[in-house]
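Written out below as structure tokens is the structure these notes cover.
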Amino acid sequence: MSGCEKPSRGWGYCAPSPVLLLSLLTAAPLGLLGEETRQVSLKVISNWPDFSQNLLHIQAVGTNSTLHYVWSSLGPPAALLVATNTPNSTLSVNWSLLLSSDPDGGLMVLPKESIQFSSALVFTRLFEFDSTNMSDAASRPPGKSYPPYSLANFSWNNITDSLDPATLSATFRGHPGHDPTGAFANGSLTFRVQAFSTSGRPVQPPRLLHSADTCQLEVALAGVSPRGNRSLFGLEVATLGPGPGCPSMQELHSIDDEYAPAVFQLDQLLWGSLPSGFMQWRPVAFSQKQGSRESAMPCQSSPLYPNLAYLLPQSPVVRAFFKTQNNFCAFNLTFGASTGPGYWDQHYLSWSMLLGVGTPPVDALSPLILGIMAVALGAPALMLLAGGLFLLLGHKRYSEYQSIN
Amino acid sequence: MEEEEEEARALLPGGSDEAGRDSRATPAASGALQALCDPSRLAHRLVVLFLMCLLGFGSYFCYDNPAALQIQVKRDMQVNTTRFMLLYAWYSWPNVVLCFFGGFLIDRVFGIRWGTIIFSCFVCIGQVVFALGGIFNAFWLMELGRFVFGIGGESLAVAQNTYAVSWFKGKELNLVFGLQLSMARIGSTVNMNLMGWLYSKVEASLGSAGHTTLGVTLMIGGITCILSLVCALALAYLDQRAERILHKEQGKTGEVIKLTDVKDFSLPLWLIFIICVCYYVAIFPFIGLGKVFFTEKFGFSSQAASAINSIVYVISAPMSPVFGLLVDKTGKNIIWVLCAVVTTLASHIMLAFTLWNPWIAMCLLGLSYSLLACALWPMVAFVVPEHQLGTAYGFMQSIQNLGLAVISIIAGMILDTRGYLFLEVFFIACVSLSLLAVVLLYVVNHAQGGNLNYSAKKREEMKLSHEE
């Protein structure tokens, strides 16, 4: 990223530079190896005849590479991201291995030598905090914590029904398998996955710019009864680190808030030096389905901390692909603050992120703004020039006139 | 705002003559108390000056209450930015029409004393209704309160100027106008820095945030309006007493408003109007929305954001007399206006397209705002004959208020849908339009052989040659 120091472990701050403005004017979302479009196919892989266990396989084929996203709801919701350098790679699933106690080898991308990058993302827990009497919005934890919901114990819908080939999306809807308090009686936690064949920007806030090498995840909590009057929710996300260290988290400050009003920051998680995988999101969540400035609430992320694998709920899909790798790093996202819009308004919360490979997309100034600036600065300049010429020529004419007396 | 007209108003006829001073026999034992009570003595006039300055304090303090409490208003009354900016729009709407009638009301209908008291009452009642809107959780009541406040606010400034001319006509007048302007700026600055803190104190004592807390905070802020009303009453008493003792007449604005004169306005004057409107719509709505801009984009704390939002007023308080002196001594008004507009353009570009410390841009904004006021308003007096001056200023105020009313709402809408960058680009476009008008004004003035850009020396020469 222009203007940034080398990404290092933990927090990094990217200071803007003059190059940043240039990059805002010229940047276009380049994919891995420059893939502008991909052929995207969505497939639900289920363990026939038991349709309650299913995986969503998104295959995005480009001219020189293929991206495989495997979204699973076996155990905690997880996403597997594999990038290969051939358009002919395939995913093979062995259900009997996958569902056994040692799933190693149950999931494979062939040919193995073509794999350029692979990693995984697991959503492990849903937190709830009581934020009454908390005046400091940035404190961690943001209040007294209620017992978290473990997403490994959730039961999920059959995603075949929610598959939409037109928008290339599918929705996982889940609620706890055992819900004594009935909090999820009328509500659910949904993960809406959407893939893209080309670059663009959705209409729904926060309007993250996506490319053909990314897919978007929207996490939404709707209708769940909170356990307090001013409950803040949080999500724990675990990632598989590249090597022994953790991926680096970056906060990018920019001048451009056209697409997410009043949000001047973009958060990124980079798995390593490019080209590698990334996660990108705006630190904002929305308390209404339409999502607008009035319903925007801040989203805070904690630093990445290494976590021992056995402390986190295990995803069979991750274990199947990554065998004995267990260098997980986890971070927490907290949605909302004690004042302002919050989950309590309409019992709704949504947050979006991008998951992809390659160079993360960068927002550029829209043509409208560039046009207005060109006119706003150009017109007076032209006027000054014209006026100056007019006066100069006028002067010449007057100086040639000789008065009689 | 009215106070920018001070220097030009000095050219208007009217006011008192202090002829009574010499004929009156001063008492033999002139103690300090007697000096204070003697309307012809400086000490008394200083007391009157103090009251005159305080007269406008409440109005300027409460004008920017919404800007200081933007986050709280939007949160407690559950309104978006567009509706929030209506609080400013409703202040400006009555003044589109009242600017023409303020002078008339003071001269012919109420008289300066009753006029000041009535306008102060409007200011008080408006602020109280505004606060009640918060207490009863009725945003329409808040808008009504701002409307009533607006009726009193701008006309009170006219009354303040009229008192100044009545008591201080002569060489002290510019100083008095400058002091009144500084007091106004101090009122705005105190508001920006105080109201947020006051809200948190009220919240702490009431136990929770909410519309009631907001209403109570605004009601406490309204105490300054009561102060203004008390000053109005005191001034009325002292003015009546001075009339009785010194046999001086009630002050008059001396404005003659004839709306038919509008068709006689020359092209340079219309260009001056355009400069005025396009410039001020990029300043006041920006300050109204600025606090959240500094909090969100630059990560300032609430206190720091209030402080930086008020810096424009803080700078304008001392720099206005300085720039006034500068423009008086050097002339060349159009060049100074050009400098001011270009500096404002640079300042907005800095705020929009860079992450540099906004103190720099805001200080530049404060300097250019003061410079423009000192250079632009006197230009009207150079292009308009004296009998049309009242109409010209009234019209300028009127369209300025119209522009502010409309652009406040548009700014709110842009912010809700497109964000701060687009809003800043919009303001840049407005300032750029103003810049176009300045350049055009220079060319037209030069082509017509006009006197707007004369240096002070040339102006003296022309005045002397006219007198010969």
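Residues are referred to by chain and number: the chain letter is A, B, ... according to the order shown in the structure tokens, the number counts from 1 in that chain, and ligands are numbered separately from 1 in the order shown.
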
Give me the residues near Val82 of chain A as a list in words, where near means some atom within 7 Å (using only C-alpha atoms) and where sequence neighbours in that chain fewer than 3 positions away do not count.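 Residues meeting the cut-off are Leu67, His68, Tyr69, Ile115, Phe117, Ser118 and Ser119 of chain A.
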
Restricted to all heavy atoms, what would the selected residues look like written as a PDB file, in the first residue's frame?
```pdb
ATOM      1  N   LEU A  67      -9.593 -19.597  -7.730  1.00  0.00           N
ATOM      2  CA  LEU A  67      -9.761 -19.385  -6.298  1.00  0.00           C
ATOM      3  C   LEU A  67     -10.851 -20.317  -5.811  1.00  0.00           C
ATOM      4  O   LEU A  67     -11.909 -20.416  -6.426  1.00  0.00           O
ATOM      5  CB  LEU A  67     -10.170 -17.943  -6.000  1.00  0.00           C
ATOM      6  CG  LEU A  67      -9.181 -16.860  -6.378  1.00  0.00           C
ATOM      7  CD1 LEU A  67      -9.766 -15.491  -6.058  1.00  0.00           C
ATOM      8  CD2 LEU A  67      -7.880 -17.030  -5.621  1.00  0.00           C
ATOM      9  N   HIS A  68     -10.561 -21.015  -4.717  1.00  0.00           N
ATOM     10  CA  HIS A  68     -11.574 -21.873  -4.118  1.00  0.00           C
ATOM     11  C   HIS A  68     -11.922 -21.312  -2.751  1.00  0.00           C
ATOM     12  O   HIS A  68     -11.035 -21.087  -1.928  1.00  0.00           O
ATOM     13  CB  HIS A  68     -11.042 -23.299  -3.924  1.00  0.00           C
ATOM     14  CG  HIS A  68     -10.732 -23.991  -5.205  1.00  0.00           C
ATOM     15  ND1 HIS A  68     -11.663 -24.754  -5.878  1.00  0.00           N
ATOM     16  CD2 HIS A  68      -9.597 -24.045  -5.932  1.00  0.00           C
ATOM     17  CE1 HIS A  68     -11.095 -25.241  -6.966  1.00  0.00           C
ATOM     18  NE2 HIS A  68      -9.846 -24.833  -7.027  1.00  0.00           N
ATOM     19  N   TYR A  69     -13.203 -21.056  -2.515  1.00  0.00           N
ATOM     20  CA  TYR A  69     -13.667 -20.688  -1.179  1.00  0.00           C
ATOM     21  C   TYR A  69     -14.560 -21.823  -0.722  1.00  0.00           C
ATOM     22  O   TYR A  69     -15.502 -22.210  -1.422  1.00  0.00           O
ATOM     23  CB  TYR A  69     -14.514 -19.413  -1.201  1.00  0.00           C
ATOM     24  CG  TYR A  69     -13.860 -18.196  -1.798  1.00  0.00           C
ATOM     25  CD1 TYR A  69     -13.996 -17.920  -3.153  1.00  0.00           C
ATOM     26  CD2 TYR A  69     -13.134 -17.300  -1.004  1.00  0.00           C
ATOM     27  CE1 TYR A  69     -13.427 -16.788  -3.702  1.00  0.00           C
ATOM     28  CE2 TYR A  69     -12.567 -16.167  -1.562  1.00  0.00           C
ATOM     29  CZ  TYR A  69     -12.706 -15.917  -2.904  1.00  0.00           C
ATOM     30  OH  TYR A  69     -12.148 -14.797  -3.455  1.00  0.00           O
ATOM     31  N   ILE A 115      -1.092 -25.030  -5.570  1.00  0.00           N
ATOM     32  CA  ILE A 115      -1.610 -24.157  -4.508  1.00  0.00           C
ATOM     33  C   ILE A 115      -0.594 -23.058  -4.214  1.00  0.00           C
ATOM     34  O   ILE A 115       0.545 -23.318  -3.840  1.00  0.00           O
ATOM     35  CB  ILE A 115      -1.905 -24.948  -3.225  1.00  0.00           C
ATOM     36  CG1 ILE A 115      -3.020 -25.961  -3.488  1.00  0.00           C
ATOM     37  CG2 ILE A 115      -2.326 -24.005  -2.105  1.00  0.00           C
ATOM     38  CD1 ILE A 115      -3.353 -26.811  -2.282  1.00  0.00           C
ATOM     39  N   PHE A 117      -1.563 -20.156  -2.307  1.00  0.00           N
ATOM     40  CA  PHE A 117      -1.856 -19.607  -0.999  1.00  0.00           C
ATOM     41  C   PHE A 117      -3.056 -20.347  -0.430  1.00  0.00           C
ATOM     42  O   PHE A 117      -3.993 -20.685  -1.149  1.00  0.00           O
ATOM     43  CB  PHE A 117      -2.184 -18.106  -1.108  1.00  0.00           C
ATOM     44  CG  PHE A 117      -2.730 -17.528   0.159  1.00  0.00           C
ATOM     45  CD1 PHE A 117      -1.878 -17.160   1.188  1.00  0.00           C
ATOM     46  CD2 PHE A 117      -4.098 -17.387   0.356  1.00  0.00           C
ATOM     47  CE1 PHE A 117      -2.379 -16.662   2.371  1.00  0.00           C
ATOM     48  CE2 PHE A 117      -4.605 -16.883   1.538  1.00  0.00           C
ATOM     49  CZ  PHE A 117      -3.739 -16.519   2.543  1.00  0.00           C
ATOM     50  N   SER A 118      -3.011 -20.629   0.858  1.00  0.00           N
ATOM     51  CA  SER A 118      -4.188 -21.214   1.484  1.00  0.00           C
ATOM     52  C   SER A 118      -4.237 -20.767   2.931  1.00  0.00           C
ATOM     53  O   SER A 118      -3.210 -20.641   3.596  1.00  0.00           O
ATOM     54  CB  SER A 118      -4.123 -22.741   1.408  1.00  0.00           C
ATOM     55  OG  SER A 118      -2.986 -23.187   2.095  1.00  0.00           O
ATOM     56  N   SER A 119      -5.437 -20.487   3.386  1.00  0.00           N
ATOM     57  CA  SER A 119      -5.603 -20.160   4.789  1.00  0.00           C
ATOM     58  C   SER A 119      -7.050 -20.363   5.169  1.00  0.00           C
ATOM     59  O   SER A 119      -7.887 -20.737   4.336  1.00  0.00           O
ATOM     60  CB  SER A 119      -5.158 -18.726   5.073  1.00  0.00           C
ATOM     61  OG  SER A 119      -5.184 -18.501   6.460  1.00  0.00           O
TER      62      SER A 119
END
```

Rows by chain and residue number, chain B within 6 Å of chain A, shortest pair, only C-alpha atoms, as a tab-separated table:
```
residue	atom	partner	partner_atom	distance
B:Lys297	CA	A:Phe264	CA	5.8
B:Phe353	CA	A:Ile255	CA	6.0
B:Arg418	CA	A:Glu258	CA	5.2
B:Gly419	CA	A:Pro261	CA	3.9
B:Ala429	CA	A:Ala376	CA	5.2
B:Ser432	CA	A:Ala376	CA	5.4
B:Leu436	CA	A:Pro380	CA	5.2
```

List every residue of segment 101-320 of chain A that DSSP, applied to the backbone of this structure, places in helix (DSSP H, G or I), and write the result as a compact mmCIF listing (two decimals) with N, CA, C and O atoms, in the first residue's frame.
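Below is the file out14.txt, written as the result:
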```txt
# COMPACT_ATOMS: atom_id res chain seq x y z
N LYS A 112 -1.98 -30.58 -5.93
CA LYS A 112 -1.47 -29.92 -4.74
C LYS A 112 -0.37 -28.92 -5.05
O LYS A 112 -0.23 -27.91 -4.36
N GLU A 113 0.42 -29.16 -6.09
CA GLU A 113 1.56 -28.29 -6.38
C GLU A 113 1.09 -26.93 -6.88
O GLU A 113 1.87 -25.98 -6.90
N SER A 114 -0.18 -26.85 -7.34
CA SER A 114 -0.63 -25.57 -7.90
C SER A 114 -1.08 -24.59 -6.83
O SER A 114 -1.39 -23.45 -7.13
N LEU A 151 -20.29 -20.70 18.70
CA LEU A 151 -20.89 -20.95 17.39
C LEU A 151 -20.72 -22.40 16.96
O LEU A 151 -21.36 -22.86 16.01
N ALA A 152 -19.86 -23.15 17.65
CA ALA A 152 -19.73 -24.56 17.30
C ALA A 152 -20.99 -25.32 17.68
O ALA A 152 -21.29 -26.38 17.11
N ASN A 153 -21.76 -24.78 18.64
CA ASN A 153 -22.96 -25.47 19.10
C ASN A 153 -24.22 -25.00 18.38
O ASN A 153 -25.33 -25.30 18.81
N ARG A 293 -26.36 6.63 7.53
CA ARG A 293 -25.49 7.27 8.49
C ARG A 293 -26.10 7.29 9.88
O ARG A 293 -25.41 7.19 10.88
N GLU A 294 -27.45 7.42 9.94
CA GLU A 294 -28.07 7.49 11.27
C GLU A 294 -27.95 6.17 12.01
O GLU A 294 -28.01 6.14 13.23
N SER A 295 -27.85 5.06 11.27
CA SER A 295 -27.82 3.78 11.95
C SER A 295 -26.40 3.22 12.04
O SER A 295 -26.22 2.06 12.39
N ALA A 309 -4.56 -23.88 19.73
CA ALA A 309 -5.67 -24.47 18.96
C ALA A 309 -6.70 -25.12 19.85
O ALA A 309 -7.90 -25.06 19.60
N TYR A 310 -6.27 -25.74 20.93
CA TYR A 310 -7.26 -26.50 21.70
C TYR A 310 -8.18 -25.60 22.51
O TYR A 310 -9.16 -26.05 23.06
N LEU A 311 -7.84 -24.27 22.61
CA LEU A 311 -8.73 -23.38 23.34
C LEU A 311 -9.90 -22.92 22.47
O LEU A 311 -10.88 -22.41 22.96
N PRO A 316 -13.93 -28.99 11.57
CA PRO A 316 -13.42 -30.19 10.88
C PRO A 316 -12.85 -29.86 9.51
O PRO A 316 -11.87 -30.46 9.07
N VAL A 317 -13.43 -28.90 8.84
CA VAL A 317 -12.97 -28.55 7.50
C VAL A 317 -11.55 -28.02 7.56
O VAL A 317 -10.70 -28.38 6.74
N VAL A 318 -11.25 -27.19 8.56
CA VAL A 318 -9.91 -26.63 8.69
C VAL A 318 -8.93 -27.73 9.03
O VAL A 318 -7.83 -27.81 8.49
N ARG A 319 -9.34 -28.61 9.93
CA ARG A 319 -8.45 -29.71 10.31
C ARG A 319 -8.24 -30.65 9.13
O ARG A 319 -7.17 -31.20 8.94
N ALA A 320 -9.28 -30.83 8.32
CA ALA A 320 -9.18 -31.74 7.19
C ALA A 320 -8.16 -31.21 6.18
O ALA A 320 -7.37 -31.97 5.62
```

So that I can see what lies close to Ser266 of chain B, please list as a list in words the residues with an atom at most 9 Å from it, counting only C-alpha atoms and leaving out residues fewer than 5 positions away in the same chain. Leu271, Val383 and Val384 of chain B

Kindly indicate which residue among B:Phe426, B:Trp90, B:Phe395, B:Phe293 lies nearest to Leu269 of chain B, using only C-alpha atoms for the distances. B:Phe395

Which polymer residues have any atom within 9 Å of an atom of Cys246 of chain A, counting only C-alpha atoms, with same-chain residues fewer than 6 positions away left out, as a PyMOL selection string? chain A and resi 9-10+239-240+271-272+304-306+327-330

For the residues in the current selection, export N, CA, C and O atoms as a short mmCIF file (atom, residue, chain, number, x, y, z; two decimals), in the first residue's frame.
```
data_model
loop_
_atom_site.label_atom_id
_atom_site.label_comp_id
_atom_site.auth_asym_id
_atom_site.auth_seq_id
_atom_site.Cartn_x
_atom_site.Cartn_y
_atom_site.Cartn_z
N ARG A 9 3.92 -7.30 12.68
CA ARG A 9 3.00 -8.02 13.54
C ARG A 9 2.24 -7.03 14.41
O ARG A 9 2.79 -6.05 14.88
N GLY A 10 0.99 -7.29 14.60
CA GLY A 10 0.20 -6.42 15.46
C GLY A 10 -0.32 -5.22 14.70
O GLY A 10 -0.58 -5.28 13.50
N THR A 239 -7.92 -16.87 12.85
CA THR A 239 -7.31 -17.07 11.54
C THR A 239 -6.13 -18.00 11.71
O THR A 239 -5.51 -18.07 12.77
N LEU A 240 -5.81 -18.69 10.62
CA LEU A 240 -4.66 -19.56 10.63
C LEU A 240 -3.48 -18.72 10.17
O LEU A 240 -3.50 -18.16 9.08
N TRP A 271 -2.33 -11.63 5.31
CA TRP A 271 -1.70 -12.86 5.75
C TRP A 271 -0.21 -12.90 5.52
O TRP A 271 0.48 -13.72 6.05
N GLY A 272 0.26 -12.02 4.70
CA GLY A 272 1.70 -12.04 4.48
C GLY A 272 2.01 -11.04 3.41
O GLY A 272 1.19 -10.22 3.04
N LEU A 304 -4.50 -8.77 17.21
CA LEU A 304 -4.43 -10.21 17.02
C LEU A 304 -3.58 -10.82 18.12
O LEU A 304 -2.50 -10.32 18.42
N TYR A 305 -4.07 -11.87 18.71
CA TYR A 305 -3.24 -12.55 19.69
C TYR A 305 -3.17 -14.03 19.35
O TYR A 305 -4.16 -14.64 18.94
N PRO A 306 -2.00 -14.63 19.48
CA PRO A 306 -1.89 -16.05 19.15
C PRO A 306 -2.69 -16.88 20.14
O PRO A 306 -2.82 -16.51 21.30
N ASN A 327 -1.42 -23.11 14.38
CA ASN A 327 -1.02 -21.78 14.83
C ASN A 327 -2.13 -20.77 14.52
O ASN A 327 -2.08 -20.02 13.57
N PHE A 328 -3.14 -20.81 15.38
CA PHE A 328 -4.25 -19.89 15.19
C PHE A 328 -3.97 -18.55 15.85
O PHE A 328 -3.33 -18.48 16.88
N CYS A 329 -4.46 -17.50 15.24
CA CYS A 329 -4.43 -16.18 15.87
C CYS A 329 -5.87 -15.67 15.86
O CYS A 329 -6.59 -15.86 14.88
N ALA A 330 -6.27 -15.07 16.95
CA ALA A 330 -7.67 -14.66 17.04
C ALA A 330 -7.76 -13.18 17.38
O ALA A 330 -6.86 -12.61 17.99
#
```

Can you list, as a PyMOL selection string, every residue of segment 24-220 of chain A that DSSP puts in strand (DSSP E or B)? chain A and resi 39-47+50-61+66-72+78-84+90-93+107-110+115-130+144-145+149-150+154-156+164+169-176+188-195+200+210+214-220

Applying 8 Å and only C-alpha atoms, which residues near Thr343 of chain B remain after dropping the ones on its own chain fewer than 2 positions away? List them as a PyMOL selection string. chain B and resi 339-341+345-347+364-365+368

Next, the residues of the selection above should be written as a compact mmCIF listing (two decimals), in the first residue's frame with N, CA, C and O atoms.
```
# COMPACT_ATOMS: atom_id res chain seq x y z
N CYS B 339 -7.60 37.93 -2.22
CA CYS B 339 -6.73 37.20 -1.30
C CYS B 339 -7.53 36.36 -0.33
O CYS B 339 -7.24 35.18 -0.09
N ALA B 340 -8.59 36.98 0.22
CA ALA B 340 -9.39 36.27 1.22
C ALA B 340 -10.06 35.04 0.60
O ALA B 340 -10.05 33.95 1.19
N VAL B 341 -10.63 35.21 -0.60
CA VAL B 341 -11.35 34.09 -1.21
C VAL B 341 -10.38 32.96 -1.58
O VAL B 341 -10.66 31.78 -1.36
N LEU B 345 -10.37 29.14 -0.23
CA LEU B 345 -10.35 27.99 -1.14
C LEU B 345 -9.23 27.02 -0.76
O LEU B 345 -9.45 25.81 -0.68
N ALA B 346 -8.03 27.58 -0.52
CA ALA B 346 -6.90 26.73 -0.12
C ALA B 346 -7.20 26.00 1.18
O ALA B 346 -6.90 24.81 1.33
N SER B 347 -7.86 26.71 2.10
CA SER B 347 -8.17 26.12 3.40
C SER B 347 -9.12 24.93 3.24
O SER B 347 -8.91 23.86 3.82
N LEU B 364 -6.25 29.65 8.90
CA LEU B 364 -6.32 30.37 7.63
C LEU B 364 -7.75 30.80 7.34
O LEU B 364 -7.99 31.91 6.83
N LEU B 365 -8.68 29.93 7.65
CA LEU B 365 -10.09 30.25 7.43
C LEU B 365 -10.50 31.45 8.27
O LEU B 365 -11.20 32.35 7.80
N SER B 368 -8.94 34.63 6.76
CA SER B 368 -9.55 35.07 5.50
C SER B 368 -10.98 35.56 5.72
O SER B 368 -11.43 36.50 5.07
```

Taking only C-alpha atoms into account, name the residue in B:Val380, B:Thr417, B:Cys374, B:Ile257 that is nearest to Pro206 of chain A. B:Thr417

Contacts of Pro111 of chain A within 10 Å, only C-alpha atoms, excl. fewer than 6 positions in-chain, as a list of chain:residue names: A:Thr84, A:Thr86, A:Asn88, A:Ser89, A:Thr90, A:Leu91

For the selection just defined, write its residues with all heavy atoms to a file, as a CSV table (one decimal), in the first residue's frame.
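This is the output file result-v3.csv:
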```csv
chain,number,residue,atom,x,y,z
A,84,THR,N,-5.0,-21.2,-6.5
A,84,THR,CA,-4.1,-22.0,-7.3
A,84,THR,C,-3.7,-21.3,-8.6
A,84,THR,O,-4.5,-20.4,-9.0
A,84,THR,CB,-4.8,-23.3,-7.7
A,84,THR,OG1,-5.9,-23.0,-8.5
A,84,THR,CG2,-5.2,-24.1,-6.4
A,86,THR,N,-3.6,-22.5,-11.6
A,86,THR,CA,-4.0,-23.1,-12.8
A,86,THR,C,-5.6,-23.0,-12.9
A,86,THR,O,-6.2,-23.1,-11.9
A,86,THR,CB,-3.6,-24.6,-12.9
A,86,THR,OG1,-4.4,-25.3,-13.8
A,86,THR,CG2,-3.8,-25.3,-11.6
A,88,ASN,N,-7.4,-25.2,-13.8
A,88,ASN,CA,-8.0,-26.5,-13.8
A,88,ASN,C,-8.0,-27.2,-12.5
A,88,ASN,O,-8.0,-28.5,-12.4
A,88,ASN,CB,-7.3,-27.4,-14.8
A,88,ASN,CG,-7.3,-26.8,-16.2
A,88,ASN,OD1,-8.4,-26.3,-16.6
A,88,ASN,ND2,-6.2,-26.8,-16.9
A,89,SER,N,-7.8,-26.5,-11.4
A,89,SER,CA,-7.8,-27.2,-10.1
A,89,SER,C,-9.2,-27.5,-9.6
A,89,SER,O,-10.1,-26.9,-10.0
A,89,SER,CB,-7.0,-26.3,-9.1
A,89,SER,OG,-7.7,-25.1,-9.0
A,90,THR,N,-9.3,-28.6,-8.8
A,90,THR,CA,-10.6,-29.1,-8.4
A,90,THR,C,-10.5,-29.3,-6.9
A,90,THR,O,-9.4,-29.5,-6.3
A,90,THR,CB,-10.9,-30.4,-9.1
A,90,THR,OG1,-9.9,-31.3,-8.9
A,90,THR,CG2,-11.2,-30.2,-10.5
A,91,LEU,N,-11.7,-29.4,-6.3
A,91,LEU,CA,-11.8,-29.7,-4.9
A,91,LEU,C,-12.3,-31.1,-4.7
A,91,LEU,O,-13.3,-31.5,-5.4
A,91,LEU,CB,-12.8,-28.7,-4.2
A,91,LEU,CG,-13.1,-28.8,-2.7
A,91,LEU,CD1,-11.9,-28.3,-1.9
A,91,LEU,CD2,-14.4,-28.1,-2.4
```

Please indicate the distance in Å from atom CA of Met279 of chain A to atom CA of Ser92 of chain A, rounded to one decimal place. 25.2 Å

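The two atoms in question, atom CA of Leu56 of chain A and atom CA of Pro247 of chain A, are spaced 25.1 Å apart.
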
With only C-alpha atoms as the atoms that count, which of A:Leu235, A:Val40, A:Ala212, A:Leu97 lies nearest to Ser169 of chain A? A:Val40
